[in-house]
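Participant: query_16.cif is reproduced in full below (mmCIF, C-alpha atoms and all ligand atoms).
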```
data_entry
loop_
_atom_site.label_atom_id
_atom_site.label_comp_id
_atom_site.auth_asym_id
_atom_site.auth_seq_id
_atom_site.Cartn_x
_atom_site.Cartn_y
_atom_site.Cartn_z
CA MET A 1 -21.82 -7.79 4.24
CA GLN A 2 -19.61 -9.32 6.94
CA PHE A 3 -15.86 -9.68 6.55
CA ILE A 4 -14.23 -12.69 8.12
CA ASN A 5 -10.66 -13.26 9.21
CA ILE A 6 -9.60 -16.11 6.96
CA SER A 7 -7.15 -17.49 9.54
CA HIS A 8 -9.74 -17.26 12.35
CA PRO A 9 -13.18 -17.45 10.70
CA GLU A 10 -14.89 -16.95 14.06
CA GLN A 11 -13.76 -13.29 13.85
CA SER A 12 -16.38 -11.59 11.73
CA VAL A 13 -16.54 -7.78 11.37
CA SER A 14 -18.19 -5.02 9.33
CA PHE A 15 -16.39 -3.37 6.41
CA ALA A 16 -15.70 -0.31 8.58
CA GLN A 17 -14.05 -2.45 11.27
CA ALA A 18 -12.04 -4.38 8.70
CA VAL A 19 -10.72 -1.13 7.23
CA VAL A 20 -9.90 0.46 10.56
CA THR A 21 -8.26 -2.69 11.99
CA GLY A 22 -6.31 -3.57 8.83
CA LEU A 23 -5.21 -7.01 9.97
CA GLY A 24 -7.27 -9.45 12.02
CA LYS A 25 -6.39 -11.68 14.96
CA GLY A 26 -3.19 -13.72 14.50
CA GLN A 27 -2.26 -11.56 11.47
CA GLY A 28 -5.25 -12.96 9.58
CA LEU A 29 -6.55 -11.22 6.46
CA PHE A 30 -10.12 -9.98 6.23
CA PHE A 31 -12.19 -11.07 3.28
CA PRO A 32 -15.90 -11.04 2.39
CA GLY A 33 -17.60 -13.96 4.16
CA GLN A 34 -20.14 -14.39 1.38
CA LEU A 35 -20.20 -13.14 -2.17
CA GLN A 36 -23.53 -12.62 -3.87
CA PRO A 37 -23.55 -12.13 -7.63
CA LEU A 38 -24.49 -8.63 -8.77
CA ALA A 39 -27.92 -8.26 -10.27
CA GLU A 40 -28.02 -6.97 -13.85
CA VAL A 41 -24.35 -7.08 -14.85
CA GLU A 42 -25.25 -6.18 -18.45
CA GLY A 43 -27.03 -3.02 -17.34
CA LEU A 44 -24.19 -2.16 -15.00
CA LEU A 45 -21.71 -2.32 -17.85
CA GLU A 46 -23.65 0.48 -19.57
CA LEU A 47 -22.98 2.96 -16.74
CA ASP A 48 -20.04 5.35 -16.55
CA PHE A 49 -17.05 4.37 -14.41
CA VAL A 50 -17.90 6.34 -11.26
CA SER A 51 -21.62 5.45 -11.24
CA ARG A 52 -20.90 1.78 -11.84
CA SER A 53 -18.12 1.70 -9.23
CA LYS A 54 -20.55 3.10 -6.68
CA VAL A 55 -22.98 0.22 -7.29
CA ILE A 56 -20.23 -2.41 -7.14
CA LEU A 57 -18.73 -1.02 -3.95
CA GLN A 58 -22.11 -0.64 -2.25
CA HIS A 59 -22.74 -4.30 -3.05
CA LEU A 60 -19.42 -5.22 -1.43
CA VAL A 61 -19.34 -2.93 1.62
CA GLY A 62 -23.00 -3.29 2.56
CA ASP A 63 -24.47 -0.84 5.06
CA SER A 64 -21.08 0.25 6.48
CA MET A 65 -21.39 3.24 4.18
CA SER A 66 -24.45 5.20 3.18
CA ALA A 67 -25.09 5.84 -0.49
CA GLU A 68 -24.22 9.54 -0.07
CA VAL A 69 -20.95 8.92 1.75
CA LEU A 70 -19.92 6.27 -0.74
CA GLN A 71 -20.76 8.55 -3.64
CA THR A 72 -18.39 11.22 -2.31
CA CYS A 73 -15.64 8.70 -1.57
CA VAL A 74 -15.78 7.21 -5.05
CA GLU A 75 -15.90 10.60 -6.76
CA GLN A 76 -12.91 11.88 -4.79
CA ALA A 77 -10.88 8.68 -5.06
CA PHE A 78 -11.45 7.95 -8.75
CA ASN A 79 -10.91 11.48 -10.04
CA PHE A 80 -8.45 10.61 -12.79
CA PRO A 81 -8.84 8.95 -16.18
CA LEU A 82 -8.34 5.33 -17.16
CA GLU A 83 -7.38 4.48 -20.73
CA MET A 84 -7.64 1.39 -22.86
CA SER A 85 -5.91 1.05 -26.22
CA ALA A 86 -5.50 -1.70 -28.80
CA VAL A 87 -1.98 -3.09 -29.12
CA GLY A 88 -1.97 -5.50 -32.03
CA ASP A 89 -4.77 -7.93 -32.89
CA GLY A 90 -7.08 -9.03 -30.10
CA THR A 91 -4.93 -7.43 -27.41
CA LEU A 92 -5.62 -4.34 -25.36
CA ALA A 93 -3.63 -2.36 -22.83
CA LEU A 94 -5.61 -1.26 -19.76
CA GLU A 95 -3.72 1.80 -18.52
CA LEU A 96 -4.24 2.22 -14.80
CA PHE A 97 -1.43 4.72 -14.22
CA HIS A 98 -3.01 8.10 -14.88
CA GLY A 99 -3.47 8.99 -11.20
CA PRO A 100 -1.26 11.25 -9.02
CA SER A 101 1.46 8.64 -8.31
CA LEU A 102 1.42 7.31 -11.88
CA ALA A 103 0.74 3.73 -10.78
CA PHE A 104 -2.42 1.62 -10.49
CA LYS A 105 -2.11 1.67 -6.70
CA ASP A 106 -3.75 5.11 -6.73
CA PHE A 107 -7.16 3.41 -7.11
CA GLY A 108 -6.82 1.40 -3.91
CA ALA A 109 -4.88 3.91 -1.84
CA ARG A 110 -7.17 6.84 -2.62
CA PHE A 111 -10.34 4.90 -1.92
CA MET A 112 -8.88 3.60 1.33
CA ALA A 113 -7.84 7.10 2.41
CA GLN A 114 -11.39 8.32 1.81
CA CYS A 115 -12.89 5.44 3.79
CA LEU A 116 -10.50 5.85 6.72
CA ALA A 117 -11.07 9.58 6.97
CA GLY A 118 -14.77 8.82 7.39
CA PHE A 119 -14.51 5.83 9.75
CA ASN A 120 -11.78 7.22 11.94
CA ALA A 121 -12.85 10.81 12.49
CA GLY A 122 -11.04 12.38 15.44
CA ARG A 123 -8.87 9.43 16.48
CA ARG A 124 -5.10 9.52 16.14
CA THR A 125 -4.04 7.24 13.29
CA THR A 126 -0.62 6.13 12.10
CA ILE A 127 -0.56 4.47 8.72
CA LEU A 128 2.40 2.07 8.65
CA THR A 129 3.06 0.60 5.25
CA ALA A 130 5.78 -1.29 3.42
CA THR A 131 6.45 -0.62 -0.23
CA SER A 132 8.38 -2.35 -2.98
CA GLY A 133 8.17 0.87 -4.96
CA ASP A 134 4.75 2.14 -5.92
CA THR A 135 2.57 1.68 -2.83
CA GLY A 136 4.64 4.25 -0.97
CA ALA A 137 3.87 7.00 -3.43
CA ALA A 138 0.20 6.08 -3.84
CA VAL A 139 -0.36 5.96 -0.07
CA ALA A 140 1.74 9.03 0.73
CA LEU A 141 -0.04 11.14 -1.90
CA ALA A 142 -3.48 9.84 -0.89
CA PHE A 143 -2.95 10.77 2.80
CA TYR A 144 -0.68 13.83 2.41
CA ALA A 145 -1.86 16.71 4.64
CA GLN A 146 -4.89 14.78 5.90
CA PRO A 147 -5.53 16.07 9.44
CA GLY A 148 -5.00 13.55 12.28
CA ILE A 149 -3.21 11.00 10.11
CA ASP A 150 0.54 10.27 10.25
CA VAL A 151 2.08 8.11 7.57
CA VAL A 152 5.25 6.03 7.96
CA VAL A 153 6.51 4.22 4.86
CA LEU A 154 9.18 1.50 4.94
CA TYR A 155 11.06 0.61 1.75
CA PRO A 156 14.10 -1.51 0.88
CA GLN A 157 17.10 0.79 0.61
CA GLY A 158 18.50 1.01 -2.92
CA LYS A 159 15.81 -1.31 -4.32
CA VAL A 160 13.34 1.27 -5.57
CA THR A 161 14.15 3.48 -8.55
CA PRO A 162 15.43 7.02 -7.86
CA LEU A 163 12.24 8.47 -9.33
CA GLN A 164 9.97 6.18 -7.31
CA GLU A 165 11.85 7.30 -4.19
CA LYS A 166 11.50 10.98 -5.09
CA LEU A 167 7.74 10.63 -5.46
CA PHE A 168 7.11 9.69 -1.82
CA CYS A 169 10.23 10.59 0.15
CA THR A 170 10.24 14.32 -0.59
CA LEU A 171 6.84 15.35 0.75
CA GLY A 172 7.58 15.98 4.44
CA GLY A 173 4.72 17.12 6.69
CA ASN A 174 2.70 14.13 7.91
CA ILE A 175 4.66 11.73 5.66
CA ARG A 176 7.81 10.08 7.06
CA THR A 177 9.84 7.54 5.11
CA ILE A 178 12.40 4.96 6.30
CA ALA A 179 14.93 3.22 4.03
CA ILE A 180 15.37 -0.27 5.52
CA GLU A 181 18.76 -1.90 4.99
CA ASP A 182 17.25 -5.14 3.67
CA ASP A 183 14.73 -6.40 1.08
CA PHE A 184 10.98 -5.86 0.73
CA ASP A 185 10.05 -9.07 2.53
CA ALA A 186 11.97 -7.74 5.57
CA CYS A 187 9.96 -4.49 5.40
CA GLN A 188 6.74 -6.44 5.22
CA LYS A 189 7.82 -8.52 8.21
CA LEU A 190 8.48 -5.36 10.26
CA VAL A 191 4.94 -4.18 9.50
CA LYS A 192 3.52 -7.52 10.65
CA GLU A 193 5.61 -7.44 13.85
CA SER A 194 4.32 -3.96 14.60
CA PHE A 195 0.71 -5.14 14.28
CA ASP A 196 1.47 -8.01 16.65
CA ASP A 197 2.49 -5.53 19.35
CA GLN A 198 -0.88 -4.63 20.89
CA ALA A 199 0.55 -1.84 23.06
CA LEU A 200 2.07 -0.18 20.02
CA VAL A 201 -1.10 -0.62 17.95
CA THR A 202 -3.17 1.14 20.61
CA GLU A 203 -0.64 3.83 21.50
CA VAL A 204 -0.16 5.19 17.98
CA GLY A 205 -3.45 4.03 16.40
CA LEU A 206 -1.70 1.77 13.93
CA ASN A 207 -3.25 0.99 10.58
CA SER A 208 -1.81 -0.56 7.47
CA ALA A 209 -2.43 0.76 3.99
CA ASN A 210 -0.83 -2.24 2.32
CA SER A 211 -2.86 -4.44 0.03
CA ILE A 212 -3.50 -6.20 3.34
CA ASN A 213 -6.26 -3.63 3.80
CA VAL A 214 -9.44 -4.86 2.24
CA ALA A 215 -10.55 -1.36 1.15
CA ARG A 216 -7.77 -1.33 -1.40
CA LEU A 217 -8.78 -4.66 -2.86
CA LEU A 218 -12.42 -3.71 -3.24
CA ALA A 219 -11.55 -0.49 -5.06
CA GLN A 220 -9.51 -2.46 -7.57
CA VAL A 221 -12.48 -4.64 -8.50
CA CYS A 222 -13.98 -1.61 -10.27
CA TYR A 223 -11.48 -1.25 -13.09
CA TYR A 224 -11.92 -4.84 -14.21
CA PHE A 225 -15.56 -4.00 -14.86
CA GLU A 226 -14.51 -0.89 -16.78
CA ALA A 227 -12.26 -2.99 -19.02
CA VAL A 228 -15.09 -5.36 -19.94
CA ALA A 229 -17.48 -2.41 -20.39
CA ARG A 230 -15.16 -1.03 -23.07
CA LEU A 231 -14.99 -4.30 -25.02
CA PRO A 232 -17.49 -5.22 -27.72
CA HIS A 233 -20.65 -6.62 -26.14
CA GLY A 234 -20.49 -10.14 -24.74
CA ARG A 235 -16.72 -10.58 -24.74
CA ALA A 236 -15.16 -12.37 -21.78
CA PRO A 237 -11.48 -11.41 -21.90
CA VAL A 238 -8.33 -13.10 -20.72
CA PHE A 239 -6.68 -10.74 -18.21
CA SER A 240 -2.93 -10.75 -17.68
CA VAL A 241 -1.92 -9.19 -14.38
CA PRO A 242 1.67 -8.36 -13.42
CA SER A 243 1.70 -9.86 -9.94
CA GLY A 244 3.78 -9.38 -6.81
CA ASN A 245 1.67 -9.37 -3.67
CA PHE A 246 -1.35 -10.64 -5.65
CA GLY A 247 -3.70 -7.84 -4.57
CA ASN A 248 -4.48 -6.94 -8.15
CA MET A 249 -5.07 -10.60 -9.03
CA THR A 250 -7.33 -11.07 -6.00
CA ALA A 251 -9.41 -8.08 -7.13
CA GLY A 252 -9.80 -9.53 -10.63
CA LEU A 253 -10.93 -12.88 -9.27
CA LEU A 254 -13.28 -11.09 -6.89
CA ALA A 255 -14.79 -9.22 -9.85
CA HIS A 256 -15.43 -12.55 -11.56
CA ALA A 257 -16.88 -14.02 -8.36
CA ILE A 258 -19.57 -11.32 -8.32
CA GLY A 259 -20.47 -11.77 -11.95
CA LEU A 260 -17.94 -10.16 -14.31
CA PRO A 261 -17.49 -12.26 -17.46
CA VAL A 262 -13.85 -13.41 -17.54
CA LYS A 263 -12.39 -16.18 -19.66
CA ARG A 264 -9.16 -16.69 -17.75
CA MET A 265 -6.75 -14.86 -15.45
CA ILE A 266 -3.00 -14.94 -15.97
CA ALA A 267 -0.75 -14.14 -13.02
CA ALA A 268 2.46 -12.93 -14.64
CA THR A 269 5.44 -12.94 -12.27
CA ASN A 270 9.12 -12.23 -12.65
CA ARG A 271 11.76 -14.70 -11.47
CA ASN A 272 10.20 -14.61 -8.02
CA ASP A 273 8.00 -17.48 -9.06
CA THR A 274 6.54 -18.96 -5.86
CA VAL A 275 3.03 -18.97 -7.33
CA PRO A 276 3.70 -20.38 -10.81
CA ARG A 277 5.68 -23.19 -9.18
CA TYR A 278 2.91 -23.76 -6.67
CA LEU A 279 0.26 -24.02 -9.39
CA ARG A 280 2.46 -26.45 -11.31
CA THR A 281 3.57 -28.70 -8.45
CA GLY A 282 1.08 -28.11 -5.64
CA LYS A 283 4.00 -27.30 -3.31
CA TRP A 284 4.34 -23.96 -1.52
CA ASP A 285 8.08 -23.52 -1.62
CA PRO A 286 9.15 -19.87 -1.47
CA ARG A 287 12.78 -19.17 -2.29
CA PRO A 288 14.85 -16.13 -1.31
CA THR A 289 13.68 -13.02 -3.15
CA VAL A 290 15.84 -11.99 -6.11
CA ALA A 291 16.13 -8.45 -7.49
CA THR A 292 14.73 -7.92 -11.00
CA ILE A 293 13.95 -4.98 -13.28
CA THR A 294 10.28 -5.31 -12.28
CA ASN A 295 11.06 -4.39 -8.69
CA ALA A 296 7.46 -3.82 -7.59
CA MET A 297 7.05 -7.57 -8.00
CA ASP A 298 10.21 -8.72 -6.20
CA ILE A 299 8.22 -10.69 -3.67
CA SER A 300 8.45 -14.37 -2.87
CA LEU A 301 5.89 -14.40 -0.05
CA PRO A 302 2.82 -12.86 -1.71
CA ASN A 303 0.65 -11.45 1.04
CA ASN A 304 -2.66 -11.84 -0.72
CA PHE A 305 -2.31 -15.39 -1.92
CA PRO A 306 -4.37 -16.79 0.98
CA ARG A 307 -7.22 -14.64 -0.34
CA VAL A 308 -6.85 -16.20 -3.79
CA LEU A 309 -7.09 -19.66 -2.22
CA GLU A 310 -10.08 -18.52 -0.16
CA LEU A 311 -11.88 -17.61 -3.40
CA GLY A 312 -11.43 -21.21 -4.48
CA GLU A 313 -12.19 -22.91 -1.19
CA ARG A 314 -14.95 -20.81 0.34
CA HIS A 315 -16.44 -19.10 -2.69
CA GLY A 316 -16.16 -21.94 -5.18
CA LEU A 317 -14.18 -20.24 -7.96
CA PRO A 318 -12.75 -22.94 -10.25
CA LEU A 319 -9.15 -21.79 -9.82
CA GLN A 320 -7.78 -24.86 -11.61
CA ASP A 321 -9.31 -23.69 -14.90
CA LEU A 322 -9.50 -19.98 -14.25
CA LEU A 323 -6.02 -19.13 -13.02
CA THR A 324 -2.73 -19.74 -14.81
CA SER A 325 0.64 -18.29 -13.98
CA PHE A 326 3.87 -17.70 -15.87
CA SER A 327 7.27 -16.54 -14.76
CA VAL A 328 9.03 -14.13 -17.14
CA SER A 329 12.77 -13.42 -17.02
CA ASP A 330 14.38 -9.97 -17.18
CA ASP A 331 15.68 -10.70 -20.69
CA GLU A 332 12.21 -11.68 -21.88
CA THR A 333 10.79 -8.54 -20.27
CA LEU A 334 13.31 -6.32 -22.08
CA GLU A 335 12.52 -8.10 -25.34
CA ALA A 336 8.84 -7.44 -24.68
CA VAL A 337 9.57 -3.73 -24.07
CA ARG A 338 11.32 -3.60 -27.47
CA ALA A 339 8.62 -5.61 -29.27
CA LEU A 340 5.90 -3.34 -27.92
CA ASP A 341 7.91 -0.25 -28.80
CA ALA A 342 8.23 -1.56 -32.37
CA MET A 343 4.41 -1.73 -32.42
CA GLY A 344 4.29 1.90 -31.31
CA TYR A 345 3.48 1.21 -27.65
CA LEU A 346 5.77 2.34 -24.84
CA ALA A 347 5.22 0.12 -21.78
CA ASP A 348 6.94 0.07 -18.41
CA PRO A 349 8.69 -3.24 -17.61
CA HIS A 350 5.86 -4.53 -15.35
CA SER A 351 3.25 -3.94 -18.04
CA ALA A 352 5.51 -5.40 -20.74
CA LEU A 353 5.97 -8.51 -18.60
CA ALA A 354 2.19 -8.94 -18.43
CA TRP A 355 1.97 -8.55 -22.21
CA LYS A 356 4.63 -11.24 -22.66
CA ALA A 357 2.69 -13.73 -20.49
CA LEU A 358 -0.44 -12.92 -22.47
CA GLN A 359 1.37 -13.64 -25.75
CA VAL A 360 2.36 -17.06 -24.42
CA SER A 361 -1.14 -17.94 -23.30
CA LEU A 362 -3.60 -16.24 -25.69
CA GLN A 363 -5.40 -18.56 -28.14
CA ASP A 364 -6.90 -17.67 -31.53
CA GLY A 365 -10.22 -15.91 -31.14
CA GLU A 366 -9.59 -14.84 -27.55
CA THR A 367 -9.46 -11.21 -26.45
CA GLY A 368 -6.58 -10.38 -24.14
CA VAL A 369 -6.26 -7.42 -21.79
CA PHE A 370 -2.93 -6.77 -20.08
CA LEU A 371 -2.89 -4.47 -17.09
CA CYS A 372 -0.48 -1.55 -17.32
CA THR A 373 0.39 -0.83 -13.74
CA ALA A 374 2.95 1.98 -13.94
CA HIS A 375 3.67 4.95 -16.19
CA PRO A 376 6.65 4.12 -18.43
CA ALA A 377 8.58 7.20 -17.28
CA LYS A 378 8.75 5.80 -13.73
CA PHE A 379 11.17 3.25 -15.16
CA LYS A 380 12.99 5.66 -17.43
CA GLU A 381 16.48 4.22 -16.79
CA THR A 382 15.48 0.67 -17.74
CA LEU A 383 13.55 1.76 -20.82
CA GLU A 384 16.32 4.05 -22.05
CA GLY A 385 18.76 1.14 -21.69
CA ALA A 386 16.47 -1.20 -23.61
CA LEU A 387 15.45 1.22 -26.35
CA GLU A 388 18.62 3.34 -26.63
CA ARG A 389 16.73 6.60 -26.82
CA PRO A 390 15.60 9.17 -24.24
CA VAL A 391 12.25 8.70 -22.48
CA PRO A 392 10.74 12.08 -21.51
CA LEU A 393 9.38 12.70 -18.00
CA PRO A 394 5.76 13.80 -17.52
CA PRO A 395 5.32 17.06 -15.53
CA GLU A 396 4.45 15.17 -12.27
CA LEU A 397 7.86 13.52 -12.29
CA GLN A 398 9.81 16.50 -13.59
CA SER A 399 8.79 18.57 -10.59
CA VAL A 400 9.81 15.98 -7.96
CA ALA A 401 13.04 14.93 -9.68
CA GLU A 402 14.89 17.96 -8.25
CA LYS A 403 13.63 17.65 -4.66
CA GLU A 404 15.63 16.35 -1.69
CA VAL A 405 14.98 12.87 -0.26
CA LEU A 406 14.00 13.23 3.43
CA SER A 407 14.21 9.56 4.49
CA THR A 408 15.75 8.10 7.65
CA THR A 409 17.88 4.94 7.27
CA MET A 410 17.35 1.98 9.62
CA ALA A 411 18.40 -1.68 10.00
CA ALA A 412 15.60 -4.25 9.72
CA ASP A 413 15.19 -4.20 13.50
CA PHE A 414 11.76 -4.13 15.10
CA ALA A 415 13.00 -2.57 18.37
CA ALA A 416 14.43 0.40 16.44
CA LEU A 417 11.24 0.82 14.44
CA LYS A 418 9.15 0.72 17.60
CA ARG A 419 11.24 3.49 19.18
CA PHE A 420 10.80 5.55 16.03
CA LEU A 421 7.02 5.10 16.03
CA LEU A 422 6.66 5.94 19.71
CA ASN A 423 8.90 9.03 19.59
CA GLN A 424 6.75 11.24 17.48
C1 LIG A 501 2.48 -3.15 -6.89
C2 LIG A 501 2.79 -3.33 -8.31
C3 LIG A 501 2.57 -4.56 -8.97
C4 LIG A 501 2.11 -5.78 -8.24
O1 LIG A 501 0.78 -5.70 -7.79
P1 LIG A 501 0.24 -6.69 -6.66
O2 LIG A 501 -1.14 -6.27 -6.41
O3 LIG A 501 1.14 -6.52 -5.48
O4 LIG A 501 0.36 -8.06 -7.22
C5 LIG A 501 2.79 -4.62 -10.33
N1 LIG A 501 3.25 -3.56 -11.03
C6 LIG A 501 3.49 -2.37 -10.43
C7 LIG A 501 4.01 -1.26 -11.25
C8 LIG A 501 3.28 -2.22 -9.07
O5 LIG A 501 3.50 -1.06 -8.49
#
```
Show how you would write the structure in this file as structure tokens.

Facilitator:
Amino acid sequence: MQFINISHPEQSVSFAQAVVTGLGKGQGLFFPGQLQPLAEVEGLLELDFVSRSKVILQHLVGDSMSAEVLQTCVEQAFNFPLEMSAVGDGTLALELFHGPSLAFKDFGARFMAQCLAGFNAGRRTTILTATSGDTGAAVALAFYAQPGIDVVVLYPQGKVTPLQEKLFCTLGGNIRTIAIEDDFDACQKLVKESFDDQALVTEVGLNSANSINVARLLAQVCYYFEAVARLPHGRAPVFSVPSGNFGNMTAGLLAHAIGLPVKRMIAATNRNDTVPRYLRTGKWDPRPTVATITNAMDISLPNNFPRVLELGERHGLPLQDLLTSFSVSDDETLEAVRALDAMGYLADPHSALAWKALQVSLQDGETGVFLCTAHPAKFKETLEGALERPVPLPPELQSVAEKEVLSTTMAADFAALKRFLLNQ
């Protein structure tokens, strides 16, 4: 399988090169050049999660990884459970937050860390990543104490929850964190500027672990298959995906492109509604990012959207029929949190927002699956406000809650960041 740079299709690389390089020429994103359908999807759905994921990923990465290496990577990356539970009639919650950072990003970050360790043996590597909240923890925990790898995480100061911050800014060692005095889009821009500086890229062995990196996307394809495998035979569900950078959505569409039965995909956004407006009007008209209670989705320039379009243009997915998108306000999200709680289901605001969009869109007779992307306790303050009762912390969060934040503070200034990266 070759991966092409979608901005410069003449650049075509192996999976290993795409993972190690992160971004292509001219900041272009790598994406599979061709997508063949999987043989025997029915049989595949009978396998357990790890065995099936190995087959799917081998299909996608091609001969960049031997069967043995891939087996180890998948086993080590996907070493935590995934749950699915019924929430009302015809609706299921796919809980993707049972990994070490309590967010779905563990799937992508852990698989990517495994791949990089294999592809990059011996070379100095600096992982530079921007986070709107959960990527930071997933990436930091996936790479923590890995020999030869330094991690630098940028995040918007004051715009991640105190608990999110504690999860990735208290580790020390090979993990350094910078609070940027601006919003997430500014952090993302600093990462892009760094990758544009060839001297810097070479000097520190720069790599991104954002959803820019194609390894993360491919890993996320696997849990869509698991969801369908757990449904009664022959059901093609409607998936509702709480979307910010659209990596999760891209993975779902990719799963469908290689043969997973899917009825429809819903991209649920908060008030940062560039995509729902685009799908309605055909105009790409990003507005300034606004802060919401679903902060991991406070993004008005979704990085992965070109990949979504690529799935339509190059790979022939009927996006017009397949993809719908709704914007959900903070008030509606809080109402959804309360409605779910009344049904006996505690959801974090991002997951509740996806449920709300599903409620709006789901027709009689359809099966809906909403993706639960974060553990509710990560958004304890918001939930306690909405529900007026205490929300207990799981042990993973209890232990970090007391630790000291070790971050540096910095203006959104590329020259300052460059000095920081070079002086290590
Ligand atoms: C990152 C994140 C999202 C958004 O996922 P994308 O792949 O960026 O669209 C949604 N919910 C939570 C909790 C997240 O951490």

Participant: Quick one: of A:Asn303, A:Asn207, A:Gln363, A:Thr125, who's nearest to ligand LIG 501 (chain A), counting all atoms listed in the file?

Facilitator: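 Once distances to ligand LIG 501 (chain A) are computed over all atoms listed in the file, the minimum belongs to A:Asn303.
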
Participant: Quick one, how far is atom CA of Thr294 of chain A from atom CA of His350 of chain A?

Facilitator: 5.4 Å

Participant: Measure the distance from atom CA of Thr21 of chain A to atom CA of Asn213 of chain A in Å and round it to one decimal.

Facilitator: 8.5 Å

Participant: Taking only residues of segment 61-96 of chain A that have an atom at most 10 Å from an atom of segment 13-17 of chain A, what is each one's shortest atom pair and its distance in Å to one decimal, using only C-alpha atoms, in chain and number order, as a Markdown table?

Facilitator:
```
| residue | atom | partner | partner_atom | distance |
| --- | --- | --- | --- | --- |
| A:Val61 | CA | A:Phe15 | CA | 5.6 |
| A:Gly62 | CA | A:Phe15 | CA | 7.6 |
| A:Asp63 | CA | A:Phe15 | CA | 8.6 |
| A:Ser64 | CA | A:Ala16 | CA | 5.8 |
| A:Met65 | CA | A:Ala16 | CA | 8.0 |
```

Participant: Of the residues A:Asp348, A:Glu181, A:Glu313, A:Glu42, which is the one nearest to Leu102 of chain A, using all atoms listed in the file?

Facilitator: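 Counting all atoms listed in the file, the residue closest to Leu102 of chain A is A:Asp348.
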
Participant: Counting all atoms listed in the file, what residues are within 7 Å of ligand LIG 501 (chain A), given as a PyMOL selection string?

Facilitator: chain A and resi 103-105+133-135+211+242-249+296-297+350+373-374

Participant: For a test of reading the model, state the distance in Å between atom CA of Arg110 of chain A and atom CA of Ala77 of chain A, rounded to one decimal.

Facilitator: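 We find that atom CA of Arg110 of chain A and atom CA of Ala77 of chain A lie 4.8 Å from each other.
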
Participant: At a cut-off of 8 Å, using all atoms listed in the file, what residues contact Leu311 of chain A? Leave out same-chain residues fewer than 3 positions from it and give the result as a ChimeraX atom specification.

Facilitator: /A:253-254,257,307-308,314-317

Participant: Of the residues A:Ala291, A:Val204, A:Asp182, A:Gln320, which is the one nearest to Met410 of chain A, using only C-alpha atoms?

Facilitator: A:Asp182

Participant: Nearest to Lys189 of chain A among A:Gly368, A:Pro276, A:Pro302, A:Pro232, with distances taken over only C-alpha atoms: which residue is it?

Facilitator: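 Of A:Gly368, A:Pro276, A:Pro302, A:Pro232, the one nearest Lys189 of chain A is A:Pro302, counting only C-alpha atoms.
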
Participant: So which one's closest to Leu417 of chain A, A:Leu217, A:Ile178, A:Cys73, A:Leu38? Using all atoms listed in the file, please.

Facilitator: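 Ranked by minimum distance to Leu417 of chain A, first place goes to A:Ile178.
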
Participant: Show me the residues close to (-17.4, -1.1, -16.8) - anything with an atom within 12 Å, counting all atoms listed in the file - and format the list as JSON, numbers by chain.

Facilitator: {"A": [41, 42, 43, 44, 45, 46, 47, 48, 49, 50, 51, 52, 53, 54, 55, 56, 82, 84, 221, 222, 223, 224, 225, 226, 227, 228, 229, 230, 231, 232, 233, 255, 260, 261]}

Participant: I need the residue nearest Leu309 of chain A from this list: A:Gln220, A:Ser66, A:Gln71, A:Thr250. Use all atoms listed in the file for the distance.

Facilitator: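 Comparing A:Gln220, A:Ser66, A:Gln71, A:Thr250 against Leu309 of chain A, the winner is A:Thr250.
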
Participant: Centre and edge lengths, as JSON, for the axis-aligned box enclosing every listed atom of segment 153-170 of chain A with 4 Å of padding on each of the six sides, in Å to one decimal?

Facilitator:
```
{"center_x": 12.5, "center_y": 6.4, "center_z": -2.2, "size_x": 20.0, "size_y": 23.8, "size_z": 22.3}
```

Participant: Residues near Gly33 of chain A, anyone? I mean within 7 Å using only C-alpha atoms, not counting same-chain ones fewer than 3 positions away, as a PyMOL selection string.

Facilitator: chain A and resi 2-4

Participant: When you write segment 342-365 of chain A out from the block above, keep C-alpha atoms and present the result as a compact mmCIF listing (two decimals), in the first residue's frame, please.

Facilitator:
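Dumped to part-v2.txt:
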```txt
# COMPACT_ATOMS: atom_id res chain seq x y z
CA ALA A 342 -32.08 10.22 33.89
CA MET A 343 -31.79 7.05 31.76
CA GLY A 344 -29.05 5.81 34.08
CA TYR A 345 -26.12 6.68 31.80
CA LEU A 346 -23.39 9.09 32.86
CA ALA A 347 -21.76 10.60 29.75
CA ASP A 348 -19.04 13.22 29.40
CA PRO A 349 -20.16 16.35 27.49
CA HIS A 350 -18.51 15.27 24.18
CA SER A 351 -20.26 11.91 24.24
CA ALA A 352 -23.56 13.50 25.29
CA LEU A 353 -23.26 15.92 22.36
CA ALA A 354 -22.90 12.97 19.98
CA TRP A 355 -25.96 11.33 21.53
CA LYS A 356 -27.96 14.54 21.03
CA ALA A 357 -27.07 14.68 17.31
CA LEU A 358 -28.04 11.02 17.00
CA GLN A 359 -31.44 11.73 18.59
CA VAL A 360 -32.06 14.45 16.00
CA SER A 361 -31.12 12.24 13.07
CA LEU A 362 -32.10 8.65 13.95
CA GLN A 363 -35.15 7.26 12.10
CA ASP A 364 -37.48 4.46 13.22
CA GLY A 365 -35.92 1.07 12.68
```
